[in-house]
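K.L.:
To be precise about what I am sending: the file is called input.txt and holds compact mmCIF, C-alpha atoms and all ligand atoms.
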```txt
# COMPACT_ATOMS: atom_id res chain seq x y z
CA MET A 1 -132.31 -24.60 126.69
CA LYS A 2 -128.81 -23.17 126.62
CA GLN A 3 -126.22 -25.76 127.47
CA ALA A 4 -124.58 -25.28 130.86
CA ILE A 5 -120.93 -24.25 130.76
CA LYS A 6 -118.57 -27.03 131.70
CA VAL A 7 -114.80 -26.77 131.65
CA ARG A 8 -111.96 -28.90 132.86
CA PHE A 9 -108.40 -28.68 134.11
CA ALA A 10 -106.67 -31.76 132.75
CA PRO A 11 -103.17 -32.15 134.18
CA SER A 12 -100.97 -35.16 133.57
CA PRO A 13 -99.47 -36.30 136.88
CA THR A 14 -96.00 -36.72 135.38
CA GLY A 15 -94.53 -33.91 137.48
CA PRO A 16 -95.52 -31.56 140.29
CA LEU A 17 -98.20 -28.92 139.68
CA HIS A 18 -96.30 -26.15 137.93
CA ILE A 19 -97.04 -22.47 137.43
CA GLY A 20 -98.48 -23.05 133.95
CA GLY A 21 -100.78 -25.77 135.24
CA ALA A 22 -101.92 -23.62 138.12
CA ARG A 23 -102.73 -20.81 135.68
CA SER A 24 -104.77 -23.23 133.51
CA ALA A 25 -106.70 -24.31 136.57
CA LEU A 26 -107.35 -20.69 137.55
CA PHE A 27 -108.50 -19.55 134.10
CA ASN A 28 -110.86 -22.53 133.88
CA TYR A 29 -112.13 -21.96 137.39
CA LEU A 30 -112.82 -18.25 136.82
CA PHE A 31 -114.53 -18.91 133.51
CA ALA A 32 -116.76 -21.56 135.10
CA ARG A 33 -117.63 -19.54 138.20
CA LYS A 34 -118.57 -16.45 136.24
CA GLN A 35 -121.17 -18.38 134.30
CA ASN A 36 -122.34 -20.67 137.05
CA GLY A 37 -120.71 -23.47 135.18
CA VAL A 38 -119.01 -26.65 136.31
CA PHE A 39 -115.27 -26.92 136.91
CA VAL A 40 -113.92 -30.43 136.42
CA LEU A 41 -110.55 -31.82 137.46
CA ARG A 42 -109.54 -34.60 135.12
CA VAL A 43 -106.29 -36.31 135.88
CA GLU A 44 -104.80 -37.57 132.63
CA ASP A 45 -102.86 -40.53 133.91
CA THR A 46 -103.03 -42.92 130.97
CA ASP A 47 -99.25 -42.75 130.60
CA THR A 48 -98.72 -45.31 133.32
CA LYS A 49 -94.93 -45.22 133.03
CA ARG A 50 -94.56 -41.52 133.72
CA SER A 51 -97.56 -40.89 135.99
CA GLU A 52 -96.91 -41.03 139.71
CA GLU A 53 -99.15 -40.97 142.75
CA VAL A 54 -97.00 -38.31 144.47
CA TYR A 55 -97.65 -35.94 141.57
CA TYR A 56 -101.36 -36.68 141.71
CA GLU A 57 -101.30 -35.72 145.38
CA ASP A 58 -99.25 -32.62 144.64
CA ILE A 59 -101.89 -31.49 142.13
CA ILE A 60 -104.74 -32.00 144.59
CA LYS A 61 -102.82 -30.25 147.37
CA GLY A 62 -101.91 -27.33 145.11
CA LEU A 63 -105.47 -26.75 143.87
CA ASN A 64 -106.73 -26.94 147.40
CA TRP A 65 -104.12 -24.41 148.57
CA LEU A 66 -105.10 -22.06 145.76
CA GLY A 67 -108.76 -22.45 146.69
CA LEU A 68 -109.66 -23.80 143.23
CA ASN A 69 -111.70 -26.76 144.30
CA PRO A 70 -113.22 -28.80 141.48
CA ASP A 71 -116.90 -29.67 141.32
CA GLU A 72 -116.11 -33.08 139.85
CA THR A 73 -112.91 -35.14 139.74
CA TYR A 74 -112.01 -37.96 137.37
CA ARG A 75 -108.99 -40.10 136.71
CA GLN A 76 -108.46 -41.46 133.24
CA SER A 77 -106.88 -44.63 134.62
CA GLU A 78 -110.36 -45.58 135.88
CA ARG A 79 -112.06 -45.06 132.52
CA ALA A 80 -110.42 -47.62 130.21
CA ASP A 81 -113.77 -49.26 129.41
CA ILE A 82 -115.21 -46.00 128.15
CA TYR A 83 -112.29 -45.49 125.74
CA LYS A 84 -112.54 -49.07 124.56
CA ALA A 85 -116.28 -48.69 123.86
CA HIS A 86 -115.65 -45.55 121.80
CA ALA A 87 -112.85 -47.25 119.91
CA ASP A 88 -115.25 -50.10 119.12
CA GLN A 89 -117.81 -47.59 117.88
CA LEU A 90 -115.28 -46.19 115.41
CA THR A 91 -114.22 -49.69 114.35
CA THR A 92 -117.83 -50.70 113.75
CA ALA A 93 -118.22 -47.61 111.60
CA GLY A 94 -115.23 -48.80 109.56
CA LEU A 95 -113.03 -45.82 110.40
CA THR A 96 -110.11 -47.62 112.02
CA TYR A 97 -107.44 -50.16 111.24
CA GLU A 98 -104.92 -52.07 113.29
CA GLN A 99 -101.21 -51.86 112.75
CA ASP A 100 -98.33 -53.09 114.90
CA GLY A 101 -100.77 -53.88 117.69
CA GLY A 102 -102.14 -50.32 117.84
CA LEU A 103 -105.53 -49.06 116.69
CA TYR A 104 -105.50 -46.16 114.23
CA LEU A 105 -108.13 -43.68 113.08
CA ARG A 106 -107.97 -43.16 109.34
CA ILE A 107 -108.13 -39.50 108.51
CA PRO A 108 -109.19 -37.90 105.21
CA THR A 109 -106.34 -37.76 102.70
CA ASP A 110 -107.96 -35.08 100.53
CA ASP A 111 -107.66 -31.36 101.28
CA GLN A 112 -110.02 -30.78 104.14
CA LYS A 113 -109.98 -27.53 105.97
CA ILE A 114 -110.06 -27.84 109.75
CA VAL A 115 -110.84 -24.61 111.55
CA VAL A 116 -110.19 -24.16 115.25
CA HIS A 117 -112.55 -21.54 116.66
CA ASP A 118 -110.51 -20.02 119.43
CA LEU A 119 -111.77 -17.37 121.86
CA ILE A 120 -108.29 -15.92 122.24
CA ARG A 121 -106.81 -16.42 118.79
CA GLY A 122 -109.83 -16.19 116.51
CA ASP A 123 -110.10 -18.83 113.78
CA VAL A 124 -106.97 -20.85 113.19
CA GLU A 125 -106.92 -22.96 110.02
CA PHE A 126 -105.28 -26.32 109.44
CA ASN A 127 -105.47 -28.86 106.66
CA SER A 128 -106.19 -32.55 107.23
CA LYS A 129 -103.60 -33.59 104.67
CA ASP A 130 -100.86 -32.33 106.98
CA PHE A 131 -101.72 -34.97 109.56
CA ASP A 132 -100.96 -38.67 109.84
CA ASP A 133 -103.54 -41.21 110.91
CA ILE A 134 -104.14 -40.96 114.64
CA VAL A 135 -103.31 -43.69 117.12
CA LEU A 136 -106.34 -44.28 119.37
CA LEU A 137 -105.24 -47.31 121.39
CA LYS A 138 -101.63 -48.18 122.08
CA LYS A 139 -100.13 -51.67 121.85
CA ASP A 140 -100.90 -52.25 125.53
CA GLY A 141 -104.57 -51.48 124.87
CA ASN A 142 -104.45 -48.14 126.73
CA ALA A 143 -105.97 -45.10 125.07
CA THR A 144 -103.54 -42.47 123.78
CA PHE A 145 -103.56 -38.95 125.19
CA HIS A 146 -105.45 -37.64 122.14
CA PHE A 147 -108.17 -40.24 122.23
CA ALA A 148 -108.80 -40.27 125.98
CA ASN A 149 -108.77 -36.48 126.01
CA VAL A 150 -111.47 -36.21 123.34
CA VAL A 151 -113.63 -39.10 124.56
CA ASP A 152 -113.61 -37.52 128.00
CA ASP A 153 -114.47 -34.07 126.72
CA ILE A 154 -117.42 -35.62 124.87
CA THR A 155 -118.69 -37.89 127.64
CA MET A 156 -118.23 -35.25 130.32
CA GLY A 157 -120.08 -32.66 128.26
CA ILE A 158 -117.18 -30.19 128.19
CA THR A 159 -118.28 -27.00 126.41
CA HIS A 160 -115.03 -25.03 126.47
CA VAL A 161 -111.49 -26.36 126.27
CA ILE A 162 -109.17 -23.83 127.87
CA ARG A 163 -105.56 -24.99 127.73
CA GLY A 164 -102.01 -23.98 126.87
CA GLU A 165 -100.91 -22.87 123.43
CA ASP A 166 -98.59 -25.87 123.30
CA HIS A 167 -101.73 -27.91 122.55
CA LEU A 168 -102.88 -25.80 119.60
CA SER A 169 -101.17 -28.15 117.13
CA ASN A 170 -103.04 -31.10 118.68
CA THR A 171 -106.41 -29.47 118.34
CA PRO A 172 -107.02 -30.29 114.64
CA LYS A 173 -106.39 -33.97 115.45
CA HIS A 174 -108.85 -33.70 118.28
CA ILE A 175 -111.43 -32.09 116.01
CA MET A 176 -111.05 -34.99 113.58
CA ILE A 177 -111.72 -37.42 116.44
CA TYR A 178 -114.83 -35.47 117.50
CA GLN A 179 -116.06 -35.56 113.94
CA ALA A 180 -115.40 -39.28 113.55
CA LEU A 181 -117.41 -39.89 116.73
CA GLY A 182 -120.21 -37.65 115.46
CA ALA A 183 -119.84 -35.35 118.46
CA GLU A 184 -120.17 -31.60 118.71
CA VAL A 185 -116.82 -29.82 118.80
CA PRO A 186 -116.36 -27.57 121.88
CA THR A 187 -115.11 -24.01 121.80
CA PHE A 188 -111.37 -23.63 122.34
CA ALA A 189 -109.19 -21.07 124.06
CA HIS A 190 -105.43 -21.56 123.91
CA MET A 191 -103.62 -19.57 126.57
CA PRO A 192 -100.27 -17.95 125.76
CA LEU A 193 -97.04 -19.71 126.61
CA ILE A 194 -95.31 -18.67 129.81
CA LEU A 195 -91.86 -17.24 129.13
CA ASN A 196 -88.82 -16.70 131.31
CA GLU A 197 -87.64 -13.12 131.68
CA ASP A 198 -85.23 -13.62 128.77
CA ARG A 199 -88.31 -14.67 126.75
CA SER A 200 -87.19 -18.31 126.47
CA LYS A 201 -89.93 -20.86 126.95
CA MET A 202 -90.46 -21.84 130.57
CA SER A 203 -90.01 -25.54 131.08
CA LYS A 204 -92.64 -27.49 132.97
CA ARG A 205 -90.08 -29.80 134.38
CA SER A 206 -87.62 -27.49 136.06
CA GLY A 207 -88.08 -27.53 139.83
CA ASP A 208 -88.37 -23.80 140.38
CA THR A 209 -91.59 -23.60 138.38
CA SER A 210 -93.50 -25.91 140.70
CA LEU A 211 -96.20 -24.30 142.80
CA THR A 212 -94.90 -26.06 145.91
CA GLU A 213 -91.59 -24.27 145.48
CA TYR A 214 -93.36 -20.92 145.84
CA ILE A 215 -95.48 -22.13 148.74
CA ASN A 216 -92.32 -23.29 150.49
CA LYS A 217 -90.67 -19.92 149.98
CA GLY A 218 -93.54 -18.25 151.75
CA TYR A 219 -95.65 -16.74 149.00
CA ILE A 220 -99.26 -16.55 150.05
CA GLN A 221 -102.42 -17.56 148.26
CA PRO A 222 -103.95 -14.18 147.29
CA ALA A 223 -100.61 -13.01 145.88
CA LEU A 224 -100.18 -16.12 143.77
CA ILE A 225 -103.75 -15.91 142.49
CA ASN A 226 -103.17 -12.32 141.39
CA PHE A 227 -99.85 -13.23 139.87
CA LEU A 228 -101.20 -16.25 137.98
CA VAL A 229 -104.17 -14.40 136.53
CA GLN A 230 -101.87 -11.73 135.15
CA LEU A 231 -99.87 -14.32 133.24
CA GLY A 232 -101.64 -13.48 130.02
CA TRP A 233 -104.69 -11.57 131.24
CA SER A 234 -104.95 -7.94 132.25
CA ASP A 235 -107.76 -5.81 133.53
CA LYS A 236 -109.13 -3.23 131.11
CA ASP A 237 -108.75 -0.46 133.70
CA GLY A 238 -105.25 -1.45 134.74
CA GLN A 239 -106.25 -2.72 138.18
CA GLU A 240 -103.57 -5.04 139.57
CA ILE A 241 -104.88 -6.23 142.92
CA PHE A 242 -108.04 -8.35 143.04
CA ASN A 243 -109.72 -10.73 145.39
CA LEU A 244 -111.06 -13.97 143.93
CA ASP A 245 -114.67 -12.74 143.73
CA GLU A 246 -113.62 -9.63 141.85
CA LEU A 247 -111.66 -11.78 139.44
CA VAL A 248 -114.66 -14.00 138.82
CA ASP A 249 -116.51 -10.84 137.90
CA LYS A 250 -113.81 -9.21 135.74
CA PHE A 251 -111.99 -12.09 134.09
CA ALA A 252 -112.75 -12.58 130.38
CA LEU A 253 -111.00 -14.87 127.92
CA GLU A 254 -111.40 -12.21 125.24
CA ARG A 255 -108.90 -10.09 127.15
CA VAL A 256 -106.25 -12.80 127.25
CA GLN A 257 -103.25 -11.91 125.10
CA LYS A 258 -101.99 -14.10 122.26
CA GLY A 259 -98.29 -13.38 122.77
CA GLY A 260 -96.17 -15.09 125.41
CA ALA A 261 -96.69 -14.08 129.04
CA VAL A 262 -93.43 -13.21 130.78
CA PHE A 263 -92.93 -14.57 134.28
CA ASN A 264 -91.82 -11.54 136.26
CA LEU A 265 -90.55 -12.49 139.70
CA LYS A 266 -90.36 -8.84 140.78
CA HIS A 267 -94.07 -8.51 140.18
CA LEU A 268 -94.76 -11.60 142.25
CA ASN A 269 -92.61 -10.17 145.05
CA TYR A 270 -94.45 -6.86 144.81
CA LEU A 271 -97.83 -8.57 145.07
CA ASN A 272 -96.75 -10.80 147.93
CA HIS A 273 -95.29 -7.86 149.86
CA HIS A 274 -98.56 -6.02 149.29
CA TYR A 275 -100.56 -8.83 150.88
CA LEU A 276 -98.09 -9.66 153.65
CA SER A 277 -97.83 -6.09 154.83
CA ARG A 278 -101.63 -5.82 155.08
CA LEU A 279 -102.32 -9.05 156.96
CA PRO A 280 -103.66 -8.71 160.49
CA PHE A 281 -100.58 -9.25 162.66
CA THR A 282 -101.85 -12.43 164.31
CA GLU A 283 -102.44 -14.01 160.93
CA TYR A 284 -99.05 -12.85 159.71
CA GLN A 285 -97.44 -14.35 162.79
CA GLU A 286 -99.22 -17.65 162.32
CA LEU A 287 -98.25 -17.95 158.66
CA ALA A 288 -94.66 -16.91 159.43
CA HIS A 289 -94.36 -19.52 162.17
CA PRO A 290 -92.92 -22.41 160.11
CA PHE A 291 -90.20 -20.11 158.75
CA VAL A 292 -88.91 -18.77 162.07
CA LYS A 293 -88.97 -21.84 164.32
CA GLN A 294 -85.28 -21.45 165.17
CA PHE A 295 -86.02 -18.19 167.02
CA GLU A 296 -88.82 -19.49 169.21
CA GLY A 297 -86.62 -19.71 172.29
CA ASN A 298 -87.33 -16.01 172.85
CA LYS A 299 -91.02 -15.62 172.01
CA THR A 300 -91.34 -11.98 173.11
CA LEU A 301 -88.39 -10.85 171.03
CA LEU A 302 -89.63 -12.93 168.10
CA GLU A 303 -93.00 -11.22 168.23
CA SER A 304 -91.39 -7.77 168.29
CA ALA A 305 -89.01 -8.69 165.48
CA LEU A 306 -91.88 -9.96 163.34
CA LYS A 307 -93.90 -6.80 163.97
CA LEU A 308 -90.99 -4.64 162.90
CA THR A 309 -90.35 -6.54 159.70
CA GLN A 310 -93.90 -7.17 158.51
CA ASP A 311 -93.72 -4.31 156.02
CA ARG A 312 -90.29 -5.39 154.78
CA ALA A 313 -90.51 -9.07 153.88
CA GLN A 314 -91.39 -9.95 150.30
CA TYR A 315 -91.85 -13.61 151.19
CA PHE A 316 -91.53 -15.51 154.46
CA ASP A 317 -88.34 -17.31 153.57
CA GLN A 318 -86.56 -13.94 153.84
CA LEU A 319 -87.53 -13.61 157.50
CA PRO A 320 -84.61 -15.44 159.12
CA GLU A 321 -82.24 -13.07 157.36
CA LEU A 322 -84.33 -10.02 158.23
CA ILE A 323 -84.77 -10.79 161.91
CA SER A 324 -81.69 -12.76 162.96
CA PHE A 325 -79.85 -9.60 164.15
CA PHE A 326 -82.39 -9.24 166.95
CA PHE A 327 -81.18 -12.55 168.36
CA ASP A 328 -77.52 -12.48 167.36
CA LEU A 329 -75.63 -9.32 166.60
CA PRO A 330 -73.72 -9.92 163.39
CA ASP A 331 -70.06 -9.03 163.30
CA TYR A 332 -69.57 -5.71 161.54
CA GLU A 333 -66.75 -3.35 160.62
CA ALA A 334 -66.19 -0.27 162.78
CA SER A 335 -66.27 1.84 159.61
CA MET A 336 -69.97 1.01 159.18
CA LEU A 337 -70.73 3.10 162.25
CA VAL A 338 -69.53 6.25 160.48
CA PHE A 339 -72.28 8.02 158.58
CA LYS A 340 -71.45 8.93 154.98
CA LYS A 341 -68.76 11.64 155.09
CA SER A 342 -68.65 12.00 158.86
CA SER A 343 -65.55 11.09 160.90
CA PRO A 344 -64.81 8.46 163.57
CA ASP A 345 -64.40 11.28 166.11
CA GLN A 346 -67.80 12.77 165.39
CA THR A 347 -69.31 9.29 165.42
CA GLN A 348 -67.78 8.52 168.78
CA LYS A 349 -69.08 11.76 170.20
CA GLY A 350 -72.63 11.03 169.00
CA LEU A 351 -72.58 7.42 170.16
CA GLN A 352 -71.23 8.38 173.56
CA ALA A 353 -73.91 11.04 174.00
CA GLY A 354 -76.62 8.58 173.01
CA TYR A 355 -75.27 5.88 175.27
CA SER A 356 -75.09 8.20 178.27
CA VAL A 357 -78.70 9.33 178.04
CA LEU A 358 -80.06 5.89 177.25
CA LYS A 359 -78.31 4.49 180.29
CA GLU A 360 -80.28 6.87 182.49
CA ILE A 361 -83.71 5.90 181.14
CA ASN A 362 -85.87 3.86 183.49
CA HIS A 363 -87.20 0.50 182.38
CA GLN A 364 -90.76 1.79 182.51
CA ASP A 365 -89.87 4.61 180.12
CA TRP A 366 -88.18 2.24 177.69
CA ASN A 367 -90.68 2.65 174.86
CA GLN A 368 -90.41 4.09 171.36
CA ASP A 369 -92.09 7.44 172.08
CA LYS A 370 -90.02 8.21 175.13
CA LEU A 371 -86.80 6.97 173.53
CA GLN A 372 -87.41 9.12 170.46
CA GLN A 373 -88.17 12.13 172.60
CA ILE A 374 -84.98 11.74 174.61
CA LEU A 375 -82.76 11.16 171.60
CA ASP A 376 -84.28 14.15 169.79
CA HIS A 377 -83.56 16.25 172.85
CA THR A 378 -79.96 14.99 173.00
CA LEU A 379 -79.50 15.87 169.35
CA ASP A 380 -80.40 19.50 170.06
CA ALA A 381 -78.72 19.78 173.45
CA GLU A 382 -75.41 18.45 172.13
CA ALA A 383 -75.76 20.16 168.73
CA LEU A 384 -75.13 16.86 166.92
CA ASN A 385 -75.76 15.99 163.31
CA PRO A 386 -78.59 13.42 163.04
CA GLY A 387 -76.17 11.23 161.08
CA ASP A 388 -73.79 11.10 164.05
CA LEU A 389 -76.47 10.04 166.50
CA PHE A 390 -79.17 7.94 164.88
CA TRP A 391 -77.00 6.23 162.29
CA PRO A 392 -74.31 4.80 164.60
CA ILE A 393 -76.91 3.79 167.19
CA ARG A 394 -78.85 1.91 164.53
CA VAL A 395 -75.74 0.17 163.20
CA ALA A 396 -74.58 -0.61 166.74
CA LEU A 397 -77.92 -2.28 167.46
CA SER A 398 -78.31 -4.16 164.19
CA GLY A 399 -74.82 -4.59 162.76
CA LEU A 400 -76.49 -3.86 159.41
CA MET A 401 -76.62 -1.08 156.85
CA GLY A 402 -80.40 -1.39 156.61
CA SER A 403 -82.84 -2.17 159.43
CA PRO A 404 -85.86 -0.76 161.28
CA SER A 405 -85.32 2.56 163.07
CA PRO A 406 -83.10 2.89 166.18
CA VAL A 407 -85.97 3.42 168.63
CA GLU A 408 -87.88 0.44 167.21
CA ILE A 409 -84.87 -1.80 167.77
CA LEU A 410 -84.12 -0.29 171.18
CA GLU A 411 -87.61 -1.05 172.37
CA ALA A 412 -87.58 -4.59 170.98
CA LEU A 413 -84.15 -5.49 172.41
CA GLY A 414 -84.77 -3.93 175.83
CA LYS A 415 -82.41 -1.78 177.84
CA GLU A 416 -79.80 -4.29 178.87
CA GLU A 417 -79.11 -5.82 175.48
CA SER A 418 -79.23 -2.40 173.80
CA LEU A 419 -76.63 -0.95 176.15
CA SER A 420 -74.34 -3.90 175.74
CA ARG A 421 -74.49 -3.53 171.93
CA LEU A 422 -73.74 0.19 172.26
CA GLU A 423 -70.77 -0.56 174.50
CA LEU A 424 -69.41 -2.89 171.88
CA ALA A 425 -69.77 -0.17 169.24
CA LEU A 426 -67.99 2.36 171.45
CA ALA A 427 -65.15 -0.08 171.90
CA LYS A 428 -64.95 -0.63 168.15
CA ILE A 429 -64.95 3.05 167.24
CA GLY A 430 -62.55 3.90 170.07
CA ASN A 431 -59.80 1.66 168.68
N1 LIG B 501 -103.00 -33.49 129.93
C1 LIG B 501 -102.68 -32.38 129.12
C2 LIG B 501 -101.51 -31.63 129.70
O1 LIG B 501 -101.25 -31.76 130.87
C3 LIG B 501 -103.81 -31.39 129.05
C4 LIG B 501 -104.50 -31.35 127.76
C5 LIG B 501 -105.73 -30.52 127.76
O2 LIG B 501 -105.92 -29.65 128.62
O3 LIG B 501 -106.52 -30.77 126.89
O4 LIG B 501 -100.86 -30.92 128.99
```
Show me the file's structure as structure tokens.
P.N.:
Amino acid sequence: MKQAIKVRFAPSPTGPLHIGGARSALFNYLFARKQNGVFVLRVEDTDTKRSEEVYYEDIIKGLNWLGLNPDETYRQSERADIYKAHADQLTTAGLTYEQDGGLYLRIPTDDQKIVVHDLIRGDVEFNSKDFDDIVLLKKDGNATFHFANVVDDITMGITHVIRGEDHLSNTPKHIMIYQALGAEVPTFAHMPLILNEDRSKMSKRSGDTSLTEYINKGYIQPALINFLVQLGWSDKDGQEIFNLDELVDKFALERVQKGGAVFNLKHLNYLNHHYLSRLPFTEYQELAHPFVKQFEGNKTLLESALKLTQDRAQYFDQLPELISFFFDLPDYEASMLVFKKSSPDQTQKGLQAGYSVLKEINHQDWNQDKLQQILDHTLDAEALNPGDLFWPIRVALSGLMGSPSPVEILEALGKEESLSRLELALAKIGN
């Protein structure tokens, strides 16, 4: 019978779940799901000094948020007996020695070729003589990273080890441990490093690479999944937007690149904007809620403001800046009211014409269609340039160079507030 596929994501809880870790989890998850395999979470917390419970919780929370729930979870700190038993097995076989309180695995000193069969990189060759003997148990009796990692992969029946390229140089050591234990060596796949836009190596430790950082900025799950999968993998037909099921179907390790994967924030923003702008409004509103609490005093205006900016925000943390003008008109220069090469006189004429007709509109007619109709009519009747009517009205209402259209803002603000903002603009331009 063919052995069932079993893979693992094996983070060390010495820092928050970072982008590289999240990508490892995703690649492992997709690989497992596609082949009805098992996806294991193994927390590598044998380094008791640097491992912290808060990081463990951050990892669990992050995986859960991404929707990458493991089938089985283990913590190395609970498995000391298993490592000890395997160390004893090697000692009984005469393959170890003790030195300075640690237990070492003796490795062959003659030229022995060690080949890593890698699904992404092909065969990568090493030579045993380039390696020192391997520490299995530290002075304090705890297993080292290398030993616990291999013993776990053996005892858990891991068939494929999918991890970052930074581990490629460890793999020959691991293979020597498998061989010493008489175990079958799994298949490897070393994913490309993640690079900053200047192609320098992205650090795991810097704060802005933690998944939580992106969650807190208001990136949403489907966007991050799409972004993470494209850190090294690409679809053969150039498709860029996938749901998780599609990815399970399309993802293949053979299509993962060897060279570094550049972290492109613009692409993440593009993907997030794509998903945000397509969310059903009620869902958008719910997800936006934590980011716009300060505006809740006026729920109706908040709802209108959110509707008008749904296709503009790249991530939720931008919302306060995008919508605050609805609640508080920012101070602006009179010169902003003047469209391109127009003049203050022309601007004043247009604004005044707009103000006069808007003032006459009944509350029940105060809706986008009617407002547009009336302003269009004024444009013709007064023979105005569009830039002398719509532009200054928009600036008067928003105090900004860029915003939703004048009738959208008029409707959202209501008649009274709109007129008062227009009066202010007339006063500014009149001086
Ligand atoms: N604990 C290792 C790390 O976080 C993972 C090693 C592995 O995946 O084999 O880098």
K.L.:
Can you work out the spacing between CA of Ala85 (chain A) and CA of Glu184 (chain A) in Å, to one decimal?
P.N.:
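Between CA of Ala85 (chain A) and CA of Glu184 (chain A) the gap is 18.3 Å.
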K.L.:
Please identify the residues whose atoms come within 7 Å of ligand LIG 501 (chain B), using only C-alpha atoms and all ligand atoms, and report them as JSON, numbers by chain.
P.N.:
{"A": [9, 10, 11, 12, 44, 149, 161, 162, 163, 167]}
K.L.:
Up to 12 Å from (-115.2, -19.7, 137.5) in the file's coordinates: name the residues, counting all atoms listed in the file, as a PyMOL selection string.
P.N.:
chain A and resi 5-9+24-40+67-71+244-253
K.L.:
Kindly indicate which residue among A:Asp152, A:Glu53, A:Asp345, A:Glu98 lies nearest to His86 (chain A), using all atoms listed in the file for the distances.
P.N.:
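With all atoms listed in the file as the atom set, the closest residue is A:Asp152.
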K.L.:
Enclose all atoms of region 360-370 of chain A listed in the file in an axis-aligned box, grow every side by 4 Å, and hand back centre and edge lengths in Å to one decimal, as AutoDock Vina command-line options.
P.N.:
```
--center_x -86.2 --center_y 4.4 --center_z 177.4 --size_x 19.8 --size_y 15.7 --size_z 20.1
```
K.L.:
What gap, in Å, lies between CA of Phe145 (chain A) and CA of Leu231 (chain A)?
P.N.:
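Atom-to-atom, CA of Phe145 (chain A) to CA of Leu231 (chain A), that is 26.2 Å.
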K.L.:
Do a neighbour search on region 263-278 of chain A at 6 Å with all atoms listed in the file, toss out local chain neighbours closer than 2 positions, and write the hits as a PyMOL selection string.
P.N.:
chain A and resi 195-196+223+227+310-311+314
K.L.:
Between A:Asn385, A:Gln89, A:Ala305, A:Arg23, which is the closest to Gly182 (chain A) once you count only C-alpha atoms?
P.N.:
A:Gln89
K.L.:
Find the residue from A:Leu193, A:Ala80, A:Leu211, A:Val357 that sits nearest to Phe147 (chain A); use only C-alpha atoms when measuring.
P.N.:
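For Phe147 (chain A), the nearest of the given residues is A:Ala80.
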K.L.:
Would you kindly return, as a list in words, each protein, DNA or RNA residue with an atom no farther than 10 Å from any atom of Arg79 (chain A), considering all atoms listed in the file and excluding same-chain residues fewer than 5 positions away?
P.N.:
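Near Arg79 (chain A), the qualifying residues are Thr46, Tyr74, Lys84, Ala143, Ala148 and Asp152 of chain A.
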K.L.:
How would the residues just picked look written out with C-alpha atoms as an mmCIF file, in the coordinates of the input?
P.N.:
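The file below, result_32.cif, is the result:
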```
data_model
loop_
_atom_site.group_PDB
_atom_site.id
_atom_site.type_symbol
_atom_site.label_atom_id
_atom_site.label_comp_id
_atom_site.auth_asym_id
_atom_site.auth_seq_id
_atom_site.Cartn_x
_atom_site.Cartn_y
_atom_site.Cartn_z
ATOM 1 C CA THR A 46 -103.030 -42.920 130.970
ATOM 2 C CA TYR A 74 -112.010 -37.960 137.370
ATOM 3 C CA LYS A 84 -112.540 -49.070 124.560
ATOM 4 C CA ALA A 143 -105.970 -45.100 125.070
ATOM 5 C CA ALA A 148 -108.800 -40.270 125.980
ATOM 6 C CA ASP A 152 -113.610 -37.520 128.000
#
```
K.L.:
Counting only C-alpha atoms, which residues of region 352-400 of chain A sit at most 8 Å from some atom of region 321-341 of chain A, and what is each one's closest atom pair with its distance in Å to one decimal, listed by chain and rising residue number, as a Markdown table?
P.N.:
```
| residue | atom | partner | partner_atom | distance |
| --- | --- | --- | --- | --- |
| A:Gly387 | CA | A:Phe339 | CA | 5.6 |
| A:Asp388 | CA | A:Phe339 | CA | 6.5 |
| A:Trp391 | CA | A:Phe339 | CA | 6.3 |
| A:Pro392 | CA | A:Leu337 | CA | 4.6 |
| A:Ile393 | CA | A:Leu337 | CA | 7.9 |
| A:Val395 | CA | A:Leu337 | CA | 5.9 |
| A:Ala396 | CA | A:Leu337 | CA | 7.0 |
| A:Leu397 | CA | A:Leu329 | CA | 7.5 |
| A:Ser398 | CA | A:Phe325 | CA | 5.7 |
| A:Gly399 | CA | A:Pro330 | CA | 5.5 |
| A:Leu400 | CA | A:Tyr332 | CA | 7.5 |
```
K.L.:
Any chance you could export the current selection's C-alpha atoms as a short mmCIF file (atom, residue, chain, number, x, y, z; two decimals), keeping the file's coordinate frame?
P.N.:
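Written output follows (selection36.cif):
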```
data_model
loop_
_atom_site.label_atom_id
_atom_site.label_comp_id
_atom_site.auth_asym_id
_atom_site.auth_seq_id
_atom_site.Cartn_x
_atom_site.Cartn_y
_atom_site.Cartn_z
CA GLY A 387 -76.17 11.23 161.08
CA ASP A 388 -73.79 11.10 164.05
CA TRP A 391 -77.00 6.23 162.29
CA PRO A 392 -74.31 4.80 164.60
CA ILE A 393 -76.91 3.79 167.19
CA VAL A 395 -75.74 0.17 163.20
CA ALA A 396 -74.58 -0.61 166.74
CA LEU A 397 -77.92 -2.28 167.46
CA SER A 398 -78.31 -4.16 164.19
CA GLY A 399 -74.82 -4.59 162.76
CA LEU A 400 -76.49 -3.86 159.41
#
```
K.L.:
Ranking A:Gln239, A:Gln179, A:Ser77, A:Thr187 by minimum distance to Asp118 (chain A) and counting all atoms listed in the file, which one comes first?
P.N.:
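Using all atoms listed in the file, the shortest distance to Asp118 (chain A) belongs to A:Thr187.
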K.L.:
Place a sphere of radius 10 Å on (-90.9, -19.4, 134.4) in the file coordinates and name every protein, DNA or RNA residue with an atom inside or on its surface, counting all atoms listed in the file; give the answer as a list in words.
P.N.:
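Residues lying no farther than 10 Å from the given point: His18, Ile19, Gly20, Leu193, Ile194, Leu195, Asn196, Glu197, Asp198, Arg199, Ser200, Lys201, Met202, Ser203, Lys204, Ser206, Asp208, Thr209, Ser210, Ala261, Val262, Phe263, Asn264 and Leu265 of chain A.
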